[in-house]
Amino acid sequence: MCALPPTRRATWRQVLQCLWLLAVSTPLMAQVGLQRGALPAKAGVVPEEAGQAAAAASAAAASALAGAASAAPLAAAAAAQTLLDEINRWRALGASCGAKRMPSAPPMRWSALLHRAAELHVRDMAPQRGGSIGHTGSNGSDVGQRAEAAGYRWSSVGENVAAGQPTASSTLAQWMASPGHCSNIMNAAFADVAVAGLHLPGTTYNHYWVMVLGRP
């Protein structure tokens, strides 16, 4: 388990160390990847029902944020292409993810459906956990179930979460410096990606981030 100092802004070294500890800590794993078959299919779920589930999750997230009027989402649509270009530059170059050398990978596409899944989780995650991070939603959902609820039918899906950095770009750099997160980003099995962030002043980390990756 990892805790950053709540009374002052953490240094980048502390946050980076925290991300590494989260990556190896079972209760707060910071990255996850699934392939179809790893989760039992949810019987009877059709696209219309998936839309209803996403709407219900959105309403629940809005309720969780009631009273936190200063909370502001950080992943603006205008910045999506810039962030996607940065992610794809990393993939084009290849990367050393810890001791493992990952070869260059094809560029990914920005997915509005995965962004919906990422945004719902980041809005649910931070308030429900009192400013902590994790992969399990307040309703017990995992990344595969959230992606499906957002309408994304996946064969592979993964998720990175982080907290502490004020920008998506600095968070991406942290993920690339952590072996597990880096491996998710460099995984050639993923074709789509999206990142969502949330600023919650006065909470433990202040800034919270979720990246969801997938392939239909």
# chains A, B, ... in the order shown; residues from 1 in each chain; ligands from 1

$ closest_atom_pairs --of "stretch 125-187 of chain A" --to "stretch 86-110 of chain A" --cutoff "8 Å" --atoms "only C-alpha atoms" --output "JSON lines"
{"residue": "A:Ser169", "atom": "CA", "partner": "A:Glu86", "partner_atom": "CA", "distance": 7.9}
{"residue": "A:Leu172", "atom": "CA", "partner": "A:Ile87", "partner_atom": "CA", "distance": 7.7}
{"residue": "A:Met176", "atom": "CA", "partner": "A:Cys97", "partner_atom": "CA", "distance": 7.2}
{"residue": "A:Ala177", "atom": "CA", "partner": "A:Cys97", "partner_atom": "CA", "distance": 7.2}
{"residue": "A:Ser178", "atom": "CA", "partner": "A:Cys97", "partner_atom": "CA", "distance": 6.8}
{"residue": "A:Pro179", "atom": "CA", "partner": "A:Cys97", "partner_atom": "CA", "distance": 4.3}
{"residue": "A:Gly180", "atom": "CA", "partner": "A:Cys97", "partner_atom": "CA", "distance": 7.2}
{"residue": "A:Cys182", "atom": "CA", "partner": "A:Cys97", "partner_atom": "CA", "distance": 5.5}
{"residue": "A:Ser183", "atom": "CA", "partner": "A:Cys97", "partner_atom": "CA", "distance": 6.0}
{"residue": "A:Ile185", "atom": "CA", "partner": "A:Arg91", "partner_atom": "CA", "distance": 7.5}
{"residue": "A:Met186", "atom": "CA", "partner": "A:Arg91", "partner_atom": "CA", "distance": 5.7}
{"residue": "A:Asn187", "atom": "CA", "partner": "A:Ala105", "partner_atom": "CA", "distance": 7.1}

$ closest_residue --among "A:Val157, A:Ala188, A:Val143, A:Met211" --to "A:Trp175" --atoms "only C-alpha atoms"
A:Met211

$ residues_around --residues "A:Arg153" --least-positions-apart "4" --cutoff "9 Å" --atoms "only C-alpha atoms" --output "ChimeraX atom specification"
/A:147-148,215-216

$ atom_distance --atom1 "atom CA of A:Leu200" --atom2 "atom CA of A:Leu83"
21.3 Å

$ closest_residue --among "A:Val195, A:Ala189, A:Met125, A:Ala173" --to "A:Val210" --atoms "only C-alpha atoms"
A:Val195
